[in-house]
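Containing compact mmCIF, C-alpha atoms and all ligand atoms: work-v4.txt.
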```
# COMPACT_ATOMS: atom_id res chain seq x y z
CA MET E 1 16.23 -36.38 -3.25
CA GLY E 2 16.95 -33.30 -5.36
CA LYS E 3 20.32 -31.72 -5.82
CA SER E 4 22.44 -30.71 -2.90
CA SER E 5 21.76 -26.96 -2.96
CA ILE E 6 19.13 -24.54 -4.23
CA ASN E 7 20.85 -21.72 -6.09
CA VAL E 8 19.79 -18.10 -6.22
CA GLY E 9 20.58 -15.20 -8.57
CA ILE E 10 19.72 -11.62 -7.62
CA ILE E 11 19.08 -8.93 -10.24
CA GLY E 12 19.50 -5.48 -8.66
CA PHE E 13 22.09 -4.72 -5.99
CA GLY E 14 20.47 -1.66 -4.41
CA THR E 15 19.04 -1.33 -0.91
CA VAL E 16 16.86 -4.47 -0.90
CA GLY E 17 19.36 -6.47 -2.98
CA THR E 18 22.08 -5.68 -0.46
CA GLY E 19 19.85 -6.71 2.48
CA THR E 20 18.91 -9.96 0.74
CA ALA E 21 22.54 -10.81 -0.07
CA ARG E 22 23.62 -9.95 3.46
CA ILE E 23 21.05 -12.33 4.97
CA LEU E 24 21.76 -15.17 2.51
CA LEU E 25 25.51 -14.89 3.10
CA ASN E 26 25.57 -14.22 6.84
CA ASN E 27 22.82 -16.68 7.79
CA ARG E 28 23.71 -19.41 5.34
CA SER E 29 24.53 -22.10 7.89
CA GLU E 30 21.56 -21.19 10.10
CA ILE E 31 19.20 -21.42 7.11
CA GLU E 32 20.73 -24.79 6.19
CA ARG E 33 20.33 -26.04 9.76
CA ARG E 34 16.68 -25.05 9.76
CA ILE E 35 15.60 -26.32 6.37
CA GLY E 36 18.02 -29.22 5.99
CA PHE E 37 19.84 -28.22 2.80
CA PRO E 38 21.88 -25.23 1.59
CA VAL E 39 20.46 -22.20 -0.20
CA VAL E 40 23.34 -20.67 -2.11
CA LEU E 41 23.62 -17.14 -3.49
CA LYS E 42 25.38 -17.81 -6.79
CA ARG E 43 25.35 -14.49 -8.63
CA ILE E 44 24.23 -10.88 -8.39
CA ALA E 45 23.73 -8.66 -11.45
CA ASP E 46 23.72 -4.88 -11.39
CA ILE E 47 24.68 -2.16 -13.85
CA ASN E 48 26.92 -0.72 -11.16
CA VAL E 49 29.54 -3.30 -10.20
CA ARG E 50 31.83 -0.77 -8.52
CA ALA E 51 29.82 0.93 -5.75
CA ASP E 52 30.74 -0.13 -2.23
CA ARG E 53 27.65 -1.60 -0.55
CA GLY E 54 29.53 -2.39 2.64
CA ILE E 55 29.35 -6.12 2.03
CA GLY E 56 32.14 -8.48 1.02
CA LEU E 57 31.22 -10.73 -1.92
CA PRO E 58 33.17 -13.75 -3.18
CA GLY E 59 35.13 -12.88 -6.36
CA GLY E 60 33.12 -13.07 -9.59
CA MET E 61 29.76 -13.06 -7.83
CA LEU E 62 28.80 -9.53 -8.96
CA VAL E 63 28.36 -9.17 -12.73
CA SER E 64 26.75 -6.61 -15.00
CA ASP E 65 25.27 -9.09 -17.48
CA VAL E 66 21.81 -10.33 -16.43
CA SER E 67 21.89 -13.14 -18.99
CA LEU E 68 24.63 -14.82 -16.95
CA LEU E 69 21.94 -15.42 -14.33
CA ILE E 70 18.93 -16.09 -16.50
CA ASN E 71 20.82 -18.54 -18.74
CA ASP E 72 22.58 -20.33 -15.91
CA PRO E 73 20.96 -23.78 -15.64
CA GLU E 74 22.22 -24.10 -12.07
CA ILE E 75 20.22 -21.10 -10.83
CA ASP E 76 16.80 -22.20 -9.58
CA ILE E 77 15.41 -18.89 -8.30
CA ILE E 78 15.77 -15.44 -9.87
CA VAL E 79 15.19 -12.51 -7.53
CA GLU E 80 14.17 -9.28 -9.27
CA LEU E 81 14.99 -6.19 -7.21
CA ILE E 82 15.49 -3.44 -9.78
CA GLY E 83 11.95 -2.00 -9.53
CA GLY E 84 9.98 -0.27 -12.28
CA ILE E 85 8.09 -2.00 -15.08
CA HIS E 86 10.75 -2.41 -17.78
CA PRO E 87 13.04 -4.32 -18.02
CA ALA E 88 11.96 -5.95 -14.71
CA LYS E 89 8.96 -7.58 -16.41
CA GLU E 90 11.07 -8.97 -19.26
CA PHE E 91 13.69 -10.34 -16.85
CA ILE E 92 11.04 -12.15 -14.81
CA LEU E 93 9.25 -13.50 -17.89
CA SER E 94 12.54 -14.81 -19.34
CA ALA E 95 13.36 -16.51 -16.05
CA LEU E 96 9.88 -18.10 -15.81
CA LYS E 97 10.14 -19.36 -19.40
CA LYS E 98 13.42 -21.04 -18.50
CA GLY E 99 11.64 -22.89 -15.70
CA LYS E 100 13.10 -20.74 -12.94
CA HIS E 101 11.05 -19.53 -10.01
CA ALA E 102 10.93 -15.79 -9.35
CA VAL E 103 10.86 -13.61 -6.26
CA THR E 104 10.16 -9.91 -6.53
CA ALA E 105 9.65 -6.86 -4.34
CA ASN E 106 8.24 -4.96 -7.31
CA LYS E 107 4.84 -3.64 -6.24
CA ALA E 108 4.42 -1.34 -9.28
CA LEU E 109 5.04 -4.23 -11.63
CA LEU E 110 2.68 -6.66 -9.87
CA ALA E 111 -0.05 -4.04 -9.47
CA THR E 112 -0.11 -3.37 -13.20
CA GLU E 113 1.14 -6.57 -14.86
CA GLY E 114 0.50 -9.14 -12.14
CA SER E 115 -2.13 -11.07 -14.09
CA ALA E 116 0.25 -11.66 -17.04
CA LEU E 117 3.12 -12.65 -14.75
CA PHE E 118 1.10 -15.14 -12.71
CA GLU E 119 -0.35 -16.57 -15.91
CA ALA E 120 3.20 -17.13 -17.23
CA ALA E 121 4.26 -18.70 -13.92
CA LYS E 122 1.33 -21.10 -14.05
CA LYS E 123 2.07 -22.03 -17.66
CA ASN E 124 5.67 -22.80 -16.81
CA ASN E 125 4.79 -24.59 -13.59
CA VAL E 126 6.87 -22.29 -11.40
CA SER E 127 6.18 -19.84 -8.57
CA ILE E 128 6.41 -16.10 -7.98
CA GLY E 129 7.06 -14.97 -4.41
CA PHE E 130 6.16 -11.37 -3.55
CA GLU E 131 6.11 -11.03 0.24
CA ALA E 132 8.48 -8.04 -0.03
CA ALA E 133 6.12 -6.10 -2.33
CA VAL E 134 3.74 -5.04 0.46
CA ALA E 135 4.87 -3.60 3.79
CA GLY E 136 8.39 -5.15 3.73
CA GLY E 137 8.77 -6.07 7.40
CA ILE E 138 5.18 -7.27 7.95
CA PRO E 139 4.53 -10.79 6.61
CA ILE E 140 1.03 -9.84 5.43
CA ILE E 141 1.11 -11.92 2.23
CA LYS E 142 1.75 -15.06 4.29
CA VAL E 143 -1.00 -14.08 6.72
CA VAL E 144 -3.58 -13.80 3.95
CA ARG E 145 -2.36 -16.73 1.86
CA GLU E 146 -1.67 -19.15 4.67
CA SER E 147 -3.19 -18.15 8.01
CA LEU E 148 -6.49 -16.94 6.50
CA ALA E 149 -6.60 -19.45 3.63
CA GLY E 150 -10.00 -20.73 4.78
CA ASP E 151 -11.48 -17.49 6.03
CA ARG E 152 -13.56 -14.75 4.41
CA ILE E 153 -11.91 -11.37 4.57
CA LYS E 154 -14.36 -8.56 5.18
CA SER E 155 -12.09 -5.54 5.12
CA VAL E 156 -8.50 -4.41 4.88
CA TYR E 157 -7.29 -1.00 6.07
CA GLY E 158 -3.61 -0.27 5.54
CA ILE E 159 -1.14 2.41 6.42
CA ILE E 160 1.22 1.08 3.79
CA ASN E 161 3.33 4.05 2.83
CA GLY E 162 5.90 4.97 5.46
CA THR E 163 6.84 8.28 3.85
CA SER E 164 3.30 9.67 3.97
CA ASN E 165 2.78 8.38 7.47
CA TYR E 166 5.98 10.07 8.58
CA ILE E 167 4.86 13.37 7.03
CA LEU E 168 1.37 13.24 8.59
CA THR E 169 2.80 12.27 11.98
CA LYS E 170 5.27 15.20 11.93
CA MET E 171 2.54 17.61 10.86
CA THR E 172 0.25 16.36 13.64
CA ASP E 173 2.74 16.10 16.51
CA GLU E 174 5.07 18.96 15.74
CA GLY E 175 2.97 21.22 13.53
CA VAL E 176 5.71 21.27 10.87
CA ASP E 177 4.95 22.17 7.26
CA PHE E 178 4.38 19.54 4.61
CA GLY E 179 7.57 20.46 2.70
CA ILE E 180 9.86 20.19 5.73
CA ALA E 181 8.33 16.86 6.76
CA LEU E 182 8.80 15.51 3.22
CA LYS E 183 12.49 16.47 3.19
CA GLU E 184 13.02 14.69 6.52
CA ALA E 185 11.19 11.59 5.29
CA GLN E 186 13.35 11.50 2.16
CA SER E 187 16.51 11.69 4.25
CA LEU E 188 15.42 8.48 6.04
CA GLY E 189 15.72 6.62 2.74
CA TYR E 190 12.12 5.38 2.62
CA ALA E 191 10.87 7.57 -0.21
CA GLU E 192 10.39 6.19 -3.72
CA ALA E 193 12.77 7.37 -6.47
CA ASP E 194 9.92 9.68 -7.49
CA PRO E 195 8.45 10.97 -4.19
CA ALA E 196 5.16 11.72 -5.99
CA PHE E 197 4.56 7.95 -5.74
CA ASP E 198 4.53 8.30 -1.94
CA ILE E 199 2.69 11.58 -1.41
CA GLU E 200 0.15 11.15 -4.23
CA GLY E 201 -0.92 7.75 -2.90
CA ILE E 202 0.39 5.78 -5.89
CA ASP E 203 2.66 3.51 -3.83
CA SER E 204 -0.23 2.72 -1.47
CA ALA E 205 -2.46 2.01 -4.47
CA HIS E 206 0.12 -0.42 -5.89
CA LYS E 207 0.16 -2.28 -2.59
CA ILE E 208 -3.61 -2.36 -2.04
CA ALA E 209 -4.03 -3.60 -5.65
CA ILE E 210 -1.90 -6.60 -4.66
CA LEU E 211 -3.73 -7.14 -1.36
CA ALA E 212 -7.16 -6.81 -3.00
CA SER E 213 -6.16 -9.42 -5.56
CA LEU E 214 -4.95 -11.77 -2.88
CA CYS E 215 -7.89 -11.22 -0.50
CA TYR E 216 -10.76 -11.10 -2.98
CA GLY E 217 -9.53 -12.52 -6.28
CA LEU E 218 -9.89 -9.17 -8.10
CA PRO E 219 -7.73 -8.83 -11.21
CA PHE E 220 -4.65 -6.65 -10.65
CA SER E 221 -6.24 -3.34 -11.46
CA PHE E 222 -4.12 -0.54 -10.03
CA LYS E 223 -5.29 1.92 -12.68
CA LYS E 224 -8.93 1.60 -11.61
CA ILE E 225 -8.24 2.36 -7.96
CA TYR E 226 -9.45 5.74 -6.70
CA THR E 227 -6.25 7.39 -5.46
CA GLN E 228 -5.87 10.68 -3.61
CA GLY E 229 -2.64 11.67 -1.86
CA ILE E 230 -1.81 13.88 1.09
CA THR E 231 -0.46 17.00 -0.64
CA ALA E 232 -3.59 19.05 0.08
CA ILE E 233 -3.69 18.30 3.82
CA THR E 234 -3.18 21.53 5.78
CA PRO E 235 -2.28 22.18 9.42
CA ALA E 236 -5.80 23.66 9.79
CA ASP E 237 -7.42 20.31 8.88
CA ILE E 238 -5.10 18.44 11.22
CA GLN E 239 -6.09 20.88 13.98
CA PHE E 240 -9.82 20.44 13.32
CA ALA E 241 -9.41 16.66 13.16
CA THR E 242 -7.85 16.80 16.62
CA GLU E 243 -10.74 18.92 17.93
CA PHE E 244 -13.27 16.38 16.64
CA GLY E 245 -11.27 13.49 18.18
CA TYR E 246 -9.71 12.15 14.96
CA LYS E 247 -6.31 11.53 13.38
CA ILE E 248 -5.64 11.91 9.65
CA LYS E 249 -3.92 8.93 8.01
CA LEU E 250 -3.30 7.99 4.39
CA LEU E 251 -5.34 4.79 4.27
CA ALA E 252 -5.53 2.12 1.61
CA ILE E 253 -8.90 0.42 1.93
CA ALA E 254 -10.38 -2.73 0.42
CA LYS E 255 -13.76 -4.09 1.56
CA GLN E 256 -16.20 -6.53 0.16
CA SER E 257 -19.94 -6.07 0.15
CA GLY E 258 -21.77 -8.78 -1.75
CA LYS E 259 -20.25 -9.20 -5.20
CA GLU E 260 -18.50 -5.87 -5.14
CA VAL E 261 -15.18 -4.86 -3.62
CA GLU E 262 -14.38 -1.22 -2.96
CA VAL E 263 -10.73 -0.35 -3.26
CA ARG E 264 -9.54 3.18 -2.56
CA VAL E 265 -6.62 5.23 -1.26
CA HIS E 266 -7.09 8.65 0.32
CA PRO E 267 -6.41 10.69 3.45
CA THR E 268 -8.85 9.42 6.05
CA MET E 269 -9.98 10.65 9.46
CA LEU E 270 -9.98 7.86 12.02
CA PRO E 271 -11.12 7.99 15.67
CA ARG E 272 -7.96 8.76 17.61
CA GLU E 273 -8.43 5.89 20.07
CA TYR E 274 -8.14 3.22 17.35
CA LEU E 275 -4.89 1.24 17.49
CA ILE E 276 -4.21 1.98 13.83
CA SER E 277 -4.60 5.73 14.47
CA ASN E 278 -1.57 5.46 16.72
CA VAL E 279 0.72 3.93 14.12
CA ASN E 280 3.21 6.75 13.72
CA GLY E 281 6.34 7.76 11.85
CA VAL E 282 7.54 5.50 9.05
CA ARG E 283 5.86 2.43 10.55
CA ASN E 284 3.23 0.53 8.58
CA ALA E 285 0.15 -1.34 9.82
CA ILE E 286 -2.58 -3.40 8.25
CA TYR E 287 -5.90 -3.93 10.00
CA LEU E 288 -7.64 -6.94 8.63
CA GLU E 289 -11.07 -8.18 9.63
CA SER E 290 -12.18 -11.65 8.66
CA ASP E 291 -15.27 -13.73 9.45
CA SER E 292 -13.67 -16.43 11.57
CA ALA E 293 -10.43 -14.95 12.88
CA GLY E 294 -12.07 -11.59 13.61
CA PRO E 295 -10.16 -8.31 13.72
CA ALA E 296 -6.35 -8.25 13.74
CA LEU E 297 -3.73 -5.55 13.40
CA TYR E 298 -0.34 -6.28 11.87
CA TYR E 299 2.30 -3.68 12.65
CA GLY E 300 5.95 -3.21 11.72
CA SER E 301 8.49 -1.74 9.34
CA GLY E 302 7.23 -1.16 5.85
CA ALA E 303 10.57 -0.75 4.14
CA GLY E 304 14.33 -0.74 4.64
CA GLU E 305 17.27 -2.89 3.65
CA MET E 306 17.01 -5.62 6.26
CA PRO E 307 13.20 -5.91 6.86
CA THR E 308 12.54 -6.07 3.12
CA GLY E 309 15.57 -8.30 2.55
CA ASN E 310 14.15 -10.66 5.16
CA ALA E 311 10.82 -10.81 3.29
CA VAL E 312 12.67 -11.69 0.07
CA VAL E 313 14.64 -14.43 1.83
CA SER E 314 11.44 -15.88 3.32
CA ASP E 315 10.07 -16.32 -0.22
CA ILE E 316 13.36 -17.86 -1.39
CA ILE E 317 13.19 -20.38 1.45
CA ASP E 318 9.52 -21.18 0.76
CA ILE E 319 10.29 -21.86 -2.88
CA ALA E 320 13.45 -23.82 -2.01
CA ARG E 321 11.38 -26.03 0.30
CA ASP E 322 8.81 -26.55 -2.46
CA ILE E 323 11.51 -27.48 -4.95
CA ARG E 324 13.01 -29.97 -2.53
CA GLY E 325 9.64 -31.33 -1.46
CA GLY E 326 8.44 -31.69 -5.06
CA SER E 327 5.38 -29.58 -4.30
CA GLN E 328 4.14 -26.24 -5.56
CA ARG E 329 2.56 -24.78 -2.54
CA ILE E 330 3.01 -21.19 -3.70
CA THR E 331 2.02 -21.73 -7.33
CA GLY E 332 -0.80 -23.98 -6.24
CA LEU E 333 -2.26 -21.24 -4.09
CA GLY E 334 -1.06 -18.64 -6.60
CA MET E 335 -3.28 -15.70 -7.41
CA PRO E 336 -6.45 -17.34 -8.71
CA GLN E 337 -8.97 -14.73 -9.73
CA ASN E 338 -12.64 -14.77 -8.84
CA PRO E 339 -14.85 -13.97 -11.84
CA GLY E 340 -17.76 -13.54 -9.38
CA VAL E 341 -16.49 -10.24 -7.93
CA LYS E 342 -15.85 -6.84 -9.42
CA MET E 343 -14.55 -3.50 -8.24
CA LYS E 344 -17.21 -1.15 -6.92
CA LYS E 345 -17.41 2.20 -8.69
CA MET E 346 -16.08 4.99 -6.48
CA GLU E 347 -19.25 7.02 -7.07
CA ASP E 348 -21.27 4.29 -5.33
CA VAL E 349 -19.07 4.14 -2.23
CA LEU E 350 -20.74 5.16 1.04
CA THR E 351 -18.68 7.00 3.60
CA SER E 352 -18.84 9.86 6.09
CA TYR E 353 -17.13 13.17 5.45
CA TYR E 354 -15.38 16.04 7.13
CA LEU E 355 -16.09 19.28 5.24
CA ARG E 356 -14.25 22.55 5.76
CA LEU E 357 -16.05 25.44 4.11
CA SER E 358 -14.89 28.96 3.80
CA ALA E 359 -18.15 30.84 4.21
CA LEU E 360 -19.13 34.47 4.63
CA ASP E 361 -20.41 35.11 8.15
CA LYS E 362 -23.82 36.46 7.10
CA PRO E 363 -27.45 35.53 7.86
CA GLY E 364 -28.83 32.73 5.70
CA VAL E 365 -25.50 31.31 4.47
CA LEU E 366 -25.61 28.17 6.58
CA SER E 367 -29.19 27.42 5.68
CA LYS E 368 -28.27 27.56 1.99
CA ILE E 369 -25.38 25.14 2.55
CA SER E 370 -27.39 22.73 4.68
CA GLY E 371 -30.24 22.97 2.15
CA ILE E 372 -27.94 21.79 -0.64
CA LEU E 373 -26.61 18.95 1.51
CA GLY E 374 -30.17 17.92 2.47
CA LYS E 375 -31.30 17.99 -1.16
CA HIS E 376 -28.56 15.47 -1.96
CA ASN E 377 -29.44 13.18 0.92
CA ILE E 378 -26.51 14.21 3.09
CA SER E 379 -27.16 14.54 6.78
CA ILE E 380 -24.98 16.72 9.05
CA LYS E 381 -23.76 15.03 12.23
CA SER E 382 -21.95 17.94 13.90
CA MET E 383 -20.69 21.37 13.03
CA ILE E 384 -18.46 24.15 14.36
CA GLN E 385 -17.83 27.67 13.15
CA LYS E 386 -14.56 29.30 14.08
CA GLY E 387 -14.08 33.02 14.67
CA ARG E 388 -15.99 36.02 13.48
CA ASP E 389 -14.86 38.00 10.49
CA ARG E 390 -16.36 40.27 7.89
CA LYS E 391 -14.65 38.10 5.33
CA ALA E 392 -14.87 34.29 5.21
CA VAL E 393 -14.68 32.06 8.29
CA PRO E 394 -14.06 28.33 8.46
CA VAL E 395 -17.22 26.29 8.96
CA VAL E 396 -16.41 22.67 9.71
CA MET E 397 -18.92 19.82 9.47
CA MET E 398 -18.95 16.09 10.00
CA THR E 399 -21.61 14.24 8.02
CA HIS E 400 -23.32 10.89 8.41
CA LYS E 401 -22.69 8.33 5.69
CA ALA E 402 -23.38 9.60 2.19
CA ARG E 403 -22.85 8.38 -1.34
CA GLU E 404 -19.76 9.73 -3.15
CA LYS E 405 -21.84 10.67 -6.17
CA ASP E 406 -24.20 12.75 -4.02
CA MET E 407 -21.34 14.44 -2.17
CA ALA E 408 -19.64 15.36 -5.45
CA LYS E 409 -22.86 16.98 -6.71
CA ALA E 410 -23.47 18.81 -3.44
CA LEU E 411 -19.91 20.16 -3.32
CA ARG E 412 -20.16 21.44 -6.89
CA GLU E 413 -23.28 23.42 -5.93
CA ILE E 414 -21.85 24.64 -2.64
CA ASN E 415 -18.62 25.80 -4.26
CA ARG E 416 -20.64 27.88 -6.73
CA LEU E 417 -22.43 29.85 -3.97
CA PRO E 418 -21.33 33.53 -3.89
CA SER E 419 -21.16 33.26 -0.08
CA VAL E 420 -18.57 30.46 -0.27
CA ALA E 421 -15.14 32.04 -0.72
CA LYS E 422 -12.90 29.04 -1.45
CA LYS E 423 -13.21 25.48 -2.70
CA THR E 424 -14.54 23.29 0.11
CA VAL E 425 -12.02 20.86 1.59
CA TYR E 426 -13.34 17.33 2.16
CA ILE E 427 -11.76 14.37 3.93
CA ARG E 428 -13.44 10.97 4.20
CA VAL E 429 -14.06 9.54 7.66
CA GLU E 430 -13.95 5.87 8.65
CA GLY E 431 -14.78 4.11 11.87
CA GLU E 432 -17.81 3.88 14.12
CA GLU E 433 -21.17 3.59 12.44
CA ASN E 434 -21.63 7.13 11.30
N1 LIG K 501 8.32 4.39 -0.37
C1 LIG K 501 7.78 3.32 0.39
C2 LIG K 501 7.30 3.88 1.73
C3 LIG K 501 8.82 2.26 0.59
O1 LIG K 501 7.53 5.06 2.01
O2 LIG K 501 6.68 3.14 2.46
C4 LIG K 501 8.27 0.90 0.83
O3 LIG K 501 7.53 0.40 -0.22
```

Represent the structure from my file as structure tokens, please.
Ligand code: HSE
Amino acid sequence: MGKSSINVGIIGFGTVGTGTARILLNNRSEIERRIGFPVVLKRIADINVRADRGIGLPGGMLVSDVSLLINDPEIDIIVELIGGIHPAKEFILSALKKGKHAVTANKALLATEGSALFEAAKKNNVSIGFEAAVAGGIPIIKVVRESLAGDRIKSVYGIINGTSNYILTKMTDEGVDFGIALKEAQSLGYAEADPAFDIEGIDSAHKIAILASLCYGLPFSFKKIYTQGITAITPADIQFATEFGYKIKLLAIAKQSGKEVEVRVHPTMLPREYLISNVNGVRNAIYLESDSAGPALYYGSGAGEMPTGNAVVSDIIDIARDIRGGSQRITGLGMPQNPGVKMKKMEDVLTSYYLRLSALDKPGVLSKISGILGKHNISIKSMIQKGRDRKAVPVVMMTHKAREKDMAKALREINRLPSVAKKTVYIRVEGEEN
């Protein structure tokens, strides 16, 4: 039998730190009843020890000195909830070196430095839990690591940034402007400290980097992920998407074909009848298709004090059970990389496209445009032209599947045509075999 309790120290007493502390304190006896021994929150460190978080802590629990946690031999698990790369990385590494297990919600850190952190955990024979790093309220890490441990994952499609999904939903349902929708999303408290992380797709890329590592054994390679945000989406494109029977979502995609895995984040048109197309507001969802289990959609809250706090506590309990059971289930399954797979180059990705051209309404213009597309092996599936004007009119096309490289070349040529008034807007399309 090990010692009587497993002790926890939390670094960072912000939104998620408060949720985690609340659950550990309020549910302490219920957790003990379920797992058979106590999990005790011993200390919390934060630079701000004065702010009222609406939670009563025992005297002396909240300190400003992180070393009081990292150097405390009684603390078994260090929870890092300050976010950002530095000093979060150094705090976790110091804890691992002292033989402590770590739990983190830090997606940016894992997506960029995950390989080094998991290496250090392995060397020190301890675990890193990170359920809270991807889609807080959806236990997707457990699903992949445990429920699908023996399956082959074909594809992952995630709406994993609540802020962007809220903005796109508002623009679609209420026709509001991007700026107004962003302000509303920020007031809900979901947005990152720098909202560019949300609307430029960076937060989604952090999360899909973690999922792609877990699902396919790719190294953590956030910087190599093709990332395009939602800032250029206009009400006109949302309107056309509706006319063609699609919804626009910011999707994070990872799919394996042979030895290559494509990983990308961009606004995507999806058939409106798909379940994932109807995931609205700040909600998150991950559609995951695997060989044996087949297709599944996981839906829930992607952020927030209590859903994310719950994810952190689930990792703490997993690790506490491992410590007590003398096993290393989490480290054992860890994040082993697969040297047999690599990330597919974006230019080789095959996908369908929505194109919105601004073309002069004159004889011969369309044949020039379709000629360029044909020359680059791009086949048009459907097309509409709106209005009649002596100036430019919108010409909207859906294409069959084409290679990114070919589309980039074709668009460069099309945009140079004197009869094309503005840069062509393109949005990738997923779903159905097109
Ligand atoms: N900013 C993130 C979002 C929070 O909007 O989903 C959760 O990671």

Point-to-point distance in Å for atom CA of E:His266 and atom CA of E:Met407: 15.6 Å

Please find the residues contacting ligand LIG 501 (chain K) at a distance of at most 7 Å between atoms, with all atoms listed in the file counted, and report them as a ChimeraX atom specification. /E:133-136,160-164,190-192,198,203,302-303

Given the point (-16.3, 8.0, 10.3) in the file's coordinates, find the residues that have an atom at most 9 Å from it, counting all atoms listed in the file, and give them as a PyMOL selection string. chain E and resi 268-271+351-354+398-401+428-434

Go through E:Ile316, E:Ile77, E:Ala252, E:Ile85 one by one, measure the shortest atom-to-atom distance of each to E:Ala102 using only C-alpha atoms, and give the residue with the smallest value.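 Smallest distance to E:Ala102 is found for E:Ile77.
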
One-decimal distance in Å that lies between atom CA of E:Ala236 and atom CA of E:Pro195: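 Separation of atom CA of E:Pro195 and atom CA of E:Ala236: 23.7 Å.
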
Quick one: residues within 12 Å of stretch 368-379 of chain E, all atoms listed in the file, excluding same-chain residues fewer than 4 positions away - as an MDAnalysis selection string? chainID E and resid 350:360 362:364 383 395:420 424 434

Emit as AutoDock Vina command-line options the padded axis-aligned box for all listed atoms of stretch 31-49 of chain E, 3 Å per side, with centre and edge lengths in Å to one decimal.
```
--center_x 22.6 --center_y -15.0 --center_z -2.0 --size_x 19.9 --size_y 34.5 --size_z 29.6
```
